[in-house]
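Listing of work-v5.cif; format and content: mmCIF, C-alpha atoms.
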```cif
data_query
#
loop_
_atom_site.label_atom_id
_atom_site.label_comp_id
_atom_site.auth_asym_id
_atom_site.auth_seq_id
_atom_site.Cartn_x
_atom_site.Cartn_y
_atom_site.Cartn_z
CA MET Q 14 -19.05 -12.32 35.77
CA ASP Q 15 -15.67 -13.00 37.34
CA LYS Q 16 -14.82 -15.48 34.58
CA PHE Q 17 -15.54 -12.93 31.87
CA ARG Q 18 -13.41 -10.39 33.74
CA MET Q 19 -10.53 -12.88 33.94
CA ILE Q 20 -10.82 -13.64 30.22
CA PHE Q 21 -10.88 -9.94 29.36
CA GLN Q 22 -7.81 -9.28 31.53
CA PHE Q 23 -5.98 -12.17 29.85
CA LEU Q 24 -6.79 -10.81 26.40
CA GLN Q 25 -5.60 -7.35 27.43
CA SER Q 26 -2.30 -8.75 28.72
CA ASN Q 27 -1.77 -10.87 25.62
CA GLN Q 28 -1.85 -8.56 22.59
CA GLU Q 29 -1.76 -11.38 20.03
CA SER Q 30 -4.66 -13.28 21.61
CA PHE Q 31 -6.63 -10.06 21.90
CA MET Q 32 -6.21 -9.26 18.20
CA ASN Q 33 -7.08 -12.83 17.22
CA GLY Q 34 -10.28 -12.51 19.22
CA ILE Q 35 -11.13 -9.19 17.56
CA CYS Q 36 -10.55 -10.67 14.10
CA GLY Q 37 -12.71 -13.69 14.97
CA ILE Q 38 -15.52 -11.40 16.09
CA LEU Q 39 -15.23 -9.42 12.84
CA ALA Q 40 -15.41 -12.65 10.83
CA LEU Q 41 -18.59 -13.73 12.61
CA ALA Q 42 -20.00 -10.23 12.22
CA SER Q 43 -19.34 -10.29 8.47
CA ALA Q 44 -21.24 -13.56 8.11
CA GLN Q 45 -24.13 -12.18 10.17
CA MET Q 46 -24.13 -8.97 8.12
CA TYR Q 47 -24.48 -10.93 4.89
CA SER Q 48 -27.30 -13.07 6.27
CA ALA Q 49 -29.15 -9.91 7.37
CA PHE Q 50 -28.42 -8.07 4.11
CA ASP Q 51 -31.33 -7.79 1.68
CA PHE Q 52 -29.83 -8.47 -1.74
CA ASN Q 53 -31.89 -6.76 -4.46
CA CYS Q 54 -30.55 -7.19 -7.97
CA PRO Q 55 -31.57 -4.28 -10.25
CA CYS Q 56 -32.28 -6.73 -13.10
CA LEU Q 57 -31.07 -4.27 -15.73
CA PRO Q 58 -28.37 -5.11 -18.30
CA GLY Q 59 -26.20 -2.10 -17.53
CA TYR Q 60 -26.41 -2.27 -13.72
CA ASN Q 61 -26.33 -5.93 -12.69
CA ALA Q 62 -22.56 -6.33 -12.98
CA ALA Q 63 -21.80 -3.00 -11.26
CA TYR Q 64 -24.17 -3.76 -8.37
CA SER Q 65 -22.74 -7.26 -7.89
CA ALA Q 66 -19.15 -5.99 -8.02
CA GLY Q 67 -19.96 -3.40 -5.38
CA ILE Q 68 -21.52 -5.99 -3.07
CA LEU Q 69 -18.57 -8.36 -3.57
CA LEU Q 70 -15.76 -5.81 -3.14
CA ALA Q 71 -16.96 -2.81 -1.09
CA PRO Q 72 -17.86 -4.59 2.19
CA PRO Q 73 -14.57 -6.57 2.26
CA LEU Q 74 -12.64 -3.33 1.82
CA VAL Q 75 -14.56 -1.75 4.71
CA LEU Q 76 -13.96 -4.82 6.89
CA PHE Q 77 -10.26 -4.82 6.03
CA LEU Q 78 -9.87 -1.15 6.98
CA LEU Q 79 -11.88 -1.75 10.14
CA GLY Q 80 -9.59 -4.63 11.05
CA LEU Q 81 -6.58 -2.32 10.64
CA VAL Q 82 -8.21 0.47 12.65
CA LEU Q 83 -8.97 -1.86 15.57
CA ASN Q 84 -5.36 -3.07 15.60
CA ASN Q 85 -3.29 -1.08 18.09
CA ASN Q 86 -0.12 -1.82 16.14
CA VAL Q 87 -1.15 0.47 13.26
CA SER Q 88 -0.07 3.62 15.08
CA MET Q 89 3.05 1.84 16.32
CA LEU Q 90 3.97 0.81 12.75
CA ALA Q 91 3.36 4.34 11.43
CA GLU Q 92 5.45 5.84 14.23
CA GLU Q 93 8.30 3.40 13.62
CA TRP Q 94 8.17 4.03 9.87
CA LYS Q 95 8.12 7.84 10.05
CA ARG Q 96 10.40 8.47 13.02
CA PRO Q 97 13.90 9.91 12.43
CA PRO Q 98 16.66 7.28 12.64
CA GLY Q 99 18.50 9.15 15.43
CA ARG Q 100 20.56 6.79 17.58
CA ARG Q 101 18.59 3.73 16.54
CA ALA Q 102 18.57 2.55 12.95
CA LYS Q 103 15.36 1.29 11.37
CA ASP Q 104 15.00 -2.35 10.40
CA PRO Q 105 12.87 -2.87 7.26
CA ALA Q 106 12.42 -6.55 8.13
CA VAL Q 107 10.69 -5.63 11.40
CA LEU Q 108 8.40 -3.18 9.60
CA ARG Q 109 7.50 -5.83 7.02
CA TYR Q 110 6.81 -8.38 9.74
CA MET Q 111 4.55 -5.96 11.62
CA PHE Q 112 2.61 -5.03 8.47
CA CYS Q 113 2.21 -8.66 7.37
CA SER Q 114 1.03 -9.66 10.82
CA MET Q 115 -1.62 -6.93 10.85
CA ALA Q 116 -2.69 -7.60 7.25
CA GLN Q 117 -3.12 -11.34 7.88
CA ARG Q 118 -5.47 -10.72 10.78
CA ALA Q 119 -7.36 -7.93 9.00
CA LEU Q 120 -7.96 -10.16 5.95
CA ILE Q 121 -9.93 -12.79 7.89
CA ALA Q 122 -13.25 -10.92 7.83
CA PRO Q 123 -13.03 -9.95 4.11
CA VAL Q 124 -12.20 -13.54 3.17
CA VAL Q 125 -15.24 -14.77 5.10
CA TRP Q 126 -17.45 -12.23 3.32
CA VAL Q 127 -16.23 -13.19 -0.16
CA ALA Q 128 -16.53 -16.92 0.61
CA VAL Q 129 -20.07 -16.59 1.97
CA THR Q 130 -21.10 -14.41 -0.99
CA LEU Q 131 -19.81 -16.92 -3.55
CA LEU Q 132 -21.28 -19.90 -1.73
CA ASP Q 133 -24.68 -18.21 -1.56
CA GLY Q 134 -24.66 -17.51 -5.31
CA LYS Q 135 -27.00 -14.50 -5.46
CA CYS Q 136 -24.25 -12.04 -6.35
CA PHE Q 137 -22.82 -14.29 -9.06
CA LEU Q 138 -26.29 -14.93 -10.47
CA CYS Q 139 -26.98 -11.21 -10.72
CA ALA Q 140 -23.62 -10.44 -12.33
CA PHE Q 141 -23.52 -13.19 -14.99
CA CYS Q 142 -27.18 -13.85 -15.79
CA THR Q 143 -26.77 -12.21 -19.20
CA ALA Q 144 -23.96 -14.66 -20.05
CA VAL Q 145 -26.07 -17.82 -19.71
CA PRO Q 146 -25.63 -20.08 -22.77
CA VAL Q 147 -29.18 -20.06 -24.13
CA ASN Q 148 -28.32 -22.43 -26.98
CA ALA Q 149 -27.22 -25.14 -24.53
CA LEU Q 150 -29.76 -24.65 -21.72
CA GLY Q 151 -32.86 -23.24 -23.47
CA ASN Q 152 -34.63 -22.98 -26.78
CA GLY Q 153 -31.71 -22.07 -29.00
CA SER Q 154 -33.77 -21.89 -32.15
CA LEU Q 155 -35.58 -18.78 -30.89
CA ALA Q 156 -32.47 -16.91 -29.67
CA PRO Q 157 -31.18 -15.83 -33.12
CA GLY Q 158 -34.51 -14.15 -33.86
CA LEU Q 159 -34.12 -11.74 -30.93
CA PRO Q 160 -31.92 -8.65 -31.21
CA GLY Q 161 -28.98 -8.39 -28.84
CA PRO Q 162 -30.38 -5.65 -26.56
CA GLU Q 163 -33.70 -7.46 -26.23
CA LEU Q 164 -32.01 -10.76 -25.35
CA ALA Q 165 -29.81 -9.03 -22.76
CA ARG Q 166 -32.85 -7.29 -21.24
CA LEU Q 167 -34.67 -10.59 -21.03
CA LEU Q 168 -31.80 -12.51 -19.43
CA ALA Q 169 -31.06 -9.68 -16.99
CA ARG Q 170 -34.43 -10.39 -15.35
CA VAL Q 171 -33.51 -13.96 -14.41
CA PRO Q 172 -32.63 -13.04 -10.77
CA CYS Q 173 -36.06 -11.37 -10.36
CA PRO Q 174 -38.80 -14.05 -10.49
CA GLU Q 175 -41.62 -11.52 -10.19
CA ILE Q 176 -40.73 -9.76 -13.46
CA TYR Q 177 -39.08 -12.55 -15.49
CA ASP Q 178 -41.18 -13.41 -18.56
CA GLY Q 179 -38.78 -15.47 -20.66
CA ASP Q 180 -39.75 -19.06 -19.83
CA TRP Q 181 -40.54 -19.59 -23.52
CA LEU Q 182 -36.83 -19.00 -24.23
CA LEU Q 183 -35.08 -20.28 -21.09
CA ALA Q 184 -36.51 -21.80 -17.93
CA ARG Q 185 -35.55 -19.59 -14.99
CA GLU Q 186 -34.88 -22.51 -12.66
CA VAL Q 187 -32.37 -23.98 -15.12
CA ALA Q 188 -30.43 -20.71 -15.35
CA VAL Q 189 -30.44 -20.22 -11.57
CA ARG Q 190 -29.16 -23.73 -10.88
CA TYR Q 191 -26.48 -23.41 -13.57
CA LEU Q 192 -25.09 -20.14 -12.24
CA ARG Q 193 -25.32 -21.12 -8.57
CA CYS Q 194 -23.37 -24.32 -9.25
CA ILE Q 195 -20.59 -22.29 -10.85
CA SER Q 196 -20.66 -19.77 -7.97
CA GLN Q 197 -20.42 -22.49 -5.32
CA ALA Q 198 -17.57 -24.15 -7.19
CA LEU Q 199 -15.72 -20.82 -7.22
CA GLY Q 200 -16.54 -20.31 -3.54
CA TRP Q 201 -15.09 -23.65 -2.45
CA SER Q 202 -12.07 -23.10 -4.68
CA PHE Q 203 -11.56 -19.70 -3.04
CA VAL Q 204 -11.80 -21.25 0.44
CA LEU Q 205 -9.32 -23.97 -0.51
CA LEU Q 206 -6.89 -21.48 -2.06
CA THR Q 207 -6.96 -19.12 0.94
CA THR Q 208 -6.54 -22.05 3.34
CA LEU Q 209 -3.49 -23.34 1.45
CA LEU Q 210 -2.06 -19.82 1.26
CA ALA Q 211 -2.56 -19.29 5.00
CA PHE Q 212 -0.90 -22.64 5.70
CA ALA Q 213 2.06 -21.70 3.52
CA VAL Q 214 2.46 -18.30 5.17
CA ARG Q 215 2.12 -19.55 8.74
CA SER Q 216 4.04 -22.83 8.45
CA VAL Q 217 6.32 -22.95 5.43
CA ARG Q 218 7.84 -19.45 5.47
CA PRO Q 219 9.52 -19.72 8.91
CA CYS Q 220 11.14 -22.99 7.84
CA PHE Q 221 13.16 -21.29 5.10
CA THR Q 222 14.04 -18.04 6.91
CA GLN Q 223 13.94 -19.13 10.54
CA ALA Q 224 16.70 -16.82 11.79
CA ALA Q 225 15.33 -13.70 10.07
CA PHE Q 226 11.80 -14.64 11.10
CA LEU Q 227 12.75 -15.03 14.77
CA LYS Q 228 14.70 -11.77 14.82
CA SER Q 229 11.86 -9.84 13.19
CA LYS Q 230 9.32 -11.36 15.56
CA TYR Q 231 11.50 -10.60 18.61
CA TRP Q 232 12.06 -6.95 17.75
CA SER Q 233 8.42 -6.49 16.82
CA HIS Q 234 7.44 -7.67 20.31
CA TYR Q 235 10.17 -5.48 21.76
CA ILE Q 236 8.81 -2.34 20.08
CA ASP Q 237 5.32 -3.09 21.36
CA ILE Q 238 6.52 -3.71 24.94
CA GLU Q 239 8.84 -0.69 24.86
CA ARG Q 240 5.99 1.56 23.82
CA ARG Q 241 3.73 0.28 26.60
CA LEU Q 242 6.45 0.65 29.23
CA PHE Q 243 7.21 4.17 28.01
CA ASP Q 244 3.52 5.10 28.32
CA GLU Q 245 3.43 3.65 31.85
CA THR Q 246 6.59 5.56 32.79
CA CYS Q 247 5.15 8.79 31.36
CA THR Q 248 1.96 8.23 33.34
CA GLU Q 249 3.94 7.66 36.55
CA HIS Q 250 6.09 10.75 35.93
CA ALA Q 251 3.06 12.92 35.09
CA LYS Q 252 1.30 11.77 38.25
CA ALA Q 253 4.34 12.57 40.42
CA PHE Q 254 4.86 15.90 38.64
CA ALA Q 255 1.24 16.93 39.18
CA LYS Q 256 1.33 15.83 42.81
CA VAL Q 257 4.47 17.86 43.57
CA CYS Q 258 3.06 20.92 41.77
CA ILE Q 259 -0.19 20.72 43.73
CA GLN Q 260 1.66 20.24 47.03
CA GLN Q 261 3.86 23.24 46.33
CA PHE Q 262 0.82 25.32 45.37
CA PHE Q 263 -1.01 24.49 48.59
CA GLU Q 264 2.13 25.05 50.67
CA ALA Q 265 2.63 28.48 49.07
CA MET Q 266 -1.04 29.34 49.49
CA THR Q 267 -0.99 28.29 53.13
CA HIS Q 268 2.10 30.40 53.72
CA ASP Q 269 0.45 33.44 52.09
CA LEU Q 270 -2.69 32.96 54.14
CA GLU Q 271 -0.71 32.67 57.35
CA LEU Q 272 1.35 35.75 56.46
CA GLY Q 273 -1.77 37.75 55.61
CA HIS Q 274 -3.49 36.65 58.79
CA SER Q 275 -0.53 37.71 60.88
CA HIS Q 276 -0.67 41.21 59.33
CA GLY Q 277 -4.45 41.35 59.51
CA ALA Q 278 -4.79 41.88 55.74
CA LEU Q 279 -6.47 38.62 54.87
CA ALA Q 280 -9.08 36.47 56.44
CA PRO Q 281 -7.94 33.47 58.47
CA PRO Q 282 -7.54 30.24 56.58
CA SER Q 283 -10.49 27.97 56.35
CA PRO Q 284 -10.70 25.06 58.78
CA ALA Q 285 -10.12 22.60 55.92
CA VAL Q 286 -6.85 24.28 54.92
CA ALA Q 287 -5.76 24.71 58.52
CA ALA Q 288 -6.53 21.09 59.35
CA ALA Q 289 -4.81 19.70 56.25
CA PRO Q 290 -1.70 17.81 57.37
CA ALA Q 291 1.56 18.74 55.73
CA ALA Q 292 3.17 16.15 53.54
CA GLY Q 293 5.88 14.23 55.32
CA PRO Q 294 9.49 14.54 54.21
CA ASP Q 295 9.66 10.91 53.17
CA GLY Q 296 6.60 11.24 50.90
CA ALA Q 297 7.91 14.42 49.29
CA GLU Q 298 11.33 12.85 48.69
CA GLU Q 299 9.70 9.78 47.17
CA GLU Q 300 7.64 11.88 44.77
CA ARG Q 301 10.71 13.92 43.80
CA GLU Q 302 12.69 10.75 43.11
CA LYS Q 303 10.02 9.68 40.64
CA LEU Q 304 10.62 12.89 38.69
CA ARG Q 305 14.22 11.78 37.95
CA GLY Q 306 15.43 15.39 37.85
CA ILE Q 307 12.92 16.47 35.19
CA THR Q 308 11.12 19.19 37.08
CA ASP Q 309 9.89 21.79 34.57
CA GLN Q 310 7.78 21.90 31.43
CA GLY Q 311 10.67 22.70 29.10
CA ALA Q 312 12.68 19.70 30.31
CA VAL Q 313 9.70 17.39 29.84
CA ASN Q 314 9.13 18.68 26.29
CA ARG Q 315 12.83 18.23 25.45
CA LEU Q 316 12.72 14.71 26.84
CA LEU Q 317 9.69 13.74 24.74
CA THR Q 318 11.21 15.33 21.63
CA SER Q 319 14.49 13.49 22.22
CA TRP Q 320 12.65 10.18 22.64
CA HIS Q 321 10.91 10.67 19.30
CA GLN Q 322 13.96 11.91 17.38
CA CYS Q 323 16.73 9.73 18.81
CA LYS Q 324 15.59 6.71 20.77
CA PRO Q 325 18.33 5.04 22.84
CA PRO Q 326 20.36 2.42 20.97
CA LEU Q 327 19.64 -1.22 21.70
CA ARG Q 328 22.84 -1.88 23.64
CA LEU Q 329 23.07 -2.57 27.36
CA GLY Q 330 25.88 -2.14 29.84
CA GLN Q 331 27.99 0.36 27.91
CA ASP Q 332 30.65 2.16 29.94
CA GLU Q 333 30.81 5.26 27.74
CA PRO Q 334 28.03 7.51 26.48
CA LEU Q 335 26.78 6.78 22.99
CA MET Q 336 26.84 9.19 20.08
CA GLY Q 337 24.66 8.34 17.10
CA ASN Q 338 24.75 4.59 16.62
CA GLY Q 339 28.30 4.09 17.96
CA TRP Q 340 30.45 4.73 20.98
CA ALA Q 341 31.62 8.18 22.06
CA GLY Q 342 35.23 7.12 22.49
CA GLY Q 343 37.59 7.17 19.55
CA GLY Q 344 39.00 3.71 20.22
CA PRO Q 345 37.50 0.44 19.08
CA ARG Q 346 34.78 -1.29 21.04
CA ALA Q 347 35.63 -3.83 23.65
CA PRO Q 348 35.06 -7.42 22.46
CA ARG Q 349 31.87 -9.04 23.73
CA ARG Q 350 33.24 -12.60 23.38
CA GLU Q 351 30.49 -15.13 24.14
CA VAL Q 352 27.59 -12.70 23.83
CA ALA Q 353 28.70 -11.45 20.42
CA THR Q 354 29.31 -15.03 19.22
CA TYR Q 355 25.85 -16.09 20.34
CA ILE Q 356 24.13 -13.19 18.60
CA SER Q 357 26.02 -13.78 15.37
CA LYS Q 358 24.71 -17.35 15.26
CA VAL Q 359 21.11 -16.24 15.63
#
```

Please express the file's structure as structure tokens.
Amino acid sequence: MDKFRMIFQFLQSNQESFMNGICGILALASAQMYSAFDFNCPCLPGYNAAYSAGILLAPPLVLFLLGLVLNNNVSMLAEEWKRPPGRRAKDPAVLRYMFCSMAQRALIAPVVWVAVTLLDGKCFLCAFCTAVPVNALGNGSLAPGLPGPELARLLARVPCPEIYDGDWLLAREVAVRYLRCISQALGWSFVLLTTLLAFAVRSVRPCFTQAAFLKSKYWSHYIDIERRLFDETCTEHAKAFAKVCIQQFFEAMTHDLELGHSHGALAPPSPAVAAAPAAGPDGAEEEREKLRGITDQGAVNRLLTSWHQCKPPLRLGQDEPLMGNGWAGGGPRAPRREVATYISKV
């Protein structure tokens, strides 16, 4: 049990590994879903293709959306895309990198579903059974004597062995083997194509745009870490704020009880309240320091609104306050020398 707990803690600390694990689980789940799915072709000329298209496309779409929903970066991407520029300009390259990273992981389960469906061949057999070349595989001399609707109705029953009655025209086993061979060939071609495409995206693209790729990846990680640290800071501030409010409430209540008891208007305080030790000065000062001067509801709301509308610019060690995306002073910025030269090379 301790090993599983350690693995879970590692996945929680490493966002990328966690999402890779989730996508792997979704891929295995998609394969298990298909194996447990009872495929029933309607065996009707007007419904076979629609039913097969729904089985081939609808579950991958659901799996893709589920992969996006389970990704924590979806809300972060939406927030970064819709937020006002404020003091920090938006970088379209970072947004594209975040979206591509999420889409690549979310596409794993749909790709597995499509590949398994094509390799199995049932869906392809149901969709294209009416397109079997009867002249090449069956008794072609009898096919011209049948009207088109009757021939289509007969071939549409090929996936259903219990109702197929056209062996005199085309042996069912021949048609099934023919269509399944084509489906498996398409399935392996699809697997090969997606593998080559994944290799190109993961390996070749950074080689041509290494600097832009590294910068986009860095700032994407920065946004994720900044959001988590902001949530942790908000949690710490809310805890300190609530603790100070509760302490002040109990101190005021104790004072009122003592005042009422001295005048004989109220009952004496309960033993629990009377025995409760007062908070030490050091503890109260420590809790007040955590509040960082933000000690009322209006100030907290203004702080949160300011964080959303104008996040602090990504510049450290400035001597003057910042206005917008530049410095407050009217003069030019001080040269950064080695730091600026290093950043320009990246």

Please, which residues in stretch 33-132 of chain Q fall within 10 Å of stretch 166-188 of chain Q when counting only C-alpha atoms, and what is the closest atom pair and distance in Å to one decimal for each, ordered by chain then residue number, as CSV?
```
residue,atom,partner,partner_atom,distance
Q:Asn53,CA,Q:Cys173,CA,8.6
Q:Cys54,CA,Q:Pro172,CA,6.8
Q:Pro55,CA,Q:Cys173,CA,8.4
Q:Cys56,CA,Q:Arg170,CA,4.8
Q:Leu57,CA,Q:Ala169,CA,5.6
Q:Pro58,CA,Q:Ala169,CA,5.5
Q:Gly59,CA,Q:Ala169,CA,9.0
Q:Tyr60,CA,Q:Ala169,CA,9.3
Q:Asn61,CA,Q:Ala169,CA,7.4
Q:Ala62,CA,Q:Ala169,CA,10.0
```

Filtering to C-alpha atoms, could you give me those residues as a tab-separated table (two decimals), keeping the file's coordinate frame?
```
chain	number	residue	atom	x	y	z
Q	53	ASN	CA	-31.89	-6.76	-4.46
Q	54	CYS	CA	-30.55	-7.19	-7.97
Q	55	PRO	CA	-31.57	-4.28	-10.25
Q	56	CYS	CA	-32.28	-6.73	-13.10
Q	57	LEU	CA	-31.07	-4.27	-15.73
Q	58	PRO	CA	-28.37	-5.11	-18.30
Q	59	GLY	CA	-26.20	-2.10	-17.53
Q	60	TYR	CA	-26.41	-2.27	-13.72
Q	61	ASN	CA	-26.33	-5.93	-12.69
Q	62	ALA	CA	-22.56	-6.33	-12.98
```

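With all atoms listed in the file as the atoms that count, the residue of Q:Asn314, Q:Asn148, Q:Thr143, Q:Thr208 with the shortest distance to Q:Leu192 is Q:Thr143.
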
For the provided coordinates, the residues matched by the PyMOL selection byres ((chain Q and resi 130) around 10) should be stated as a tab-separated table (two decimals) with C-alpha atoms, in the coordinates of the input.
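File produced: part34.tsv:
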```
chain	number	residue	atom	x	y	z
Q	44	ALA	CA	-21.24	-13.56	8.11
Q	47	TYR	CA	-24.48	-10.93	4.89
Q	48	SER	CA	-27.30	-13.07	6.27
Q	68	ILE	CA	-21.52	-5.99	-3.07
Q	69	LEU	CA	-18.57	-8.36	-3.57
Q	124	VAL	CA	-12.20	-13.54	3.17
Q	125	VAL	CA	-15.24	-14.77	5.10
Q	126	TRP	CA	-17.45	-12.23	3.32
Q	127	VAL	CA	-16.23	-13.19	-0.16
Q	128	ALA	CA	-16.53	-16.92	0.61
Q	129	VAL	CA	-20.07	-16.59	1.97
Q	131	LEU	CA	-19.81	-16.92	-3.55
Q	132	LEU	CA	-21.28	-19.90	-1.73
Q	133	ASP	CA	-24.68	-18.21	-1.56
Q	134	GLY	CA	-24.66	-17.51	-5.31
Q	135	LYS	CA	-27.00	-14.50	-5.46
Q	136	CYS	CA	-24.25	-12.04	-6.35
Q	137	PHE	CA	-22.82	-14.29	-9.06
Q	196	SER	CA	-20.66	-19.77	-7.97
Q	197	GLN	CA	-20.42	-22.49	-5.32
Q	200	GLY	CA	-16.54	-20.31	-3.54
```

Requested in this report: Convert the output of the PyMOL selection byres ((chain Q and resi 323) around 12) on the shown file into explicit residues, formatted as a PyMOL selection string.
Outcome: chain Q and resi 93+96-103+315-322+324-327+335-338

Report summary line: One decimal place gives the atom CA of Q:Glu300-atom CA of Q:Lys256 separation as 7.7 Å

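If only C-alpha atoms are the atoms counted, then among Q:Cys142, Q:Val147, Q:Leu78, Q:Val217 the closest residue to Q:Met115 is Q:Leu78.
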
Query raised in the report: What does the PyMOL selection byres ((chain Q and resi 254) around 10) select in this file, as a PyMOL selection string?
Result: chain Q and resi 248-253+255-260+300-301+303-304+307-310

Query - Pairwise distance for atom CA of Q:Leu76 and atom CA of Q:Ala116, rounded to one decimal in Å - result: 11.6 Å

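For the pair atom CA of Q:Val82 and atom CA of Q:His234, the interatomic distance is 19.2 Å.
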
Can you write out as a tab-separated table which residues of stretch 143-230 of chain Q fall within 12 Å of stretch 235-240 of chain Q, alongside each residue's closest atom pair and its distance in Å to one decimal, counting all atoms listed in the file and ordering rows by chain and ascending residue number?
```
residue	atom	partner	partner_atom	distance
Q:Lys228	CA	Q:Tyr235	CA	10.4
Q:Ser229	CA	Q:Tyr235	CA	9.8
Q:Lys230	CA	Q:Tyr235	CA	8.6
```

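Using only C-alpha atoms, the smallest distance between any of Q:Trp232, Q:Phe141, Q:Phe243, Q:Phe112 and Q:Tyr64 comes from Q:Phe141.
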
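Distances here use all atoms listed in the file; by that measure, the residue among Q:Gly80, Q:Pro160, Q:Gly306, Q:Gly67 closest to Q:Leu39 is Q:Gly80.
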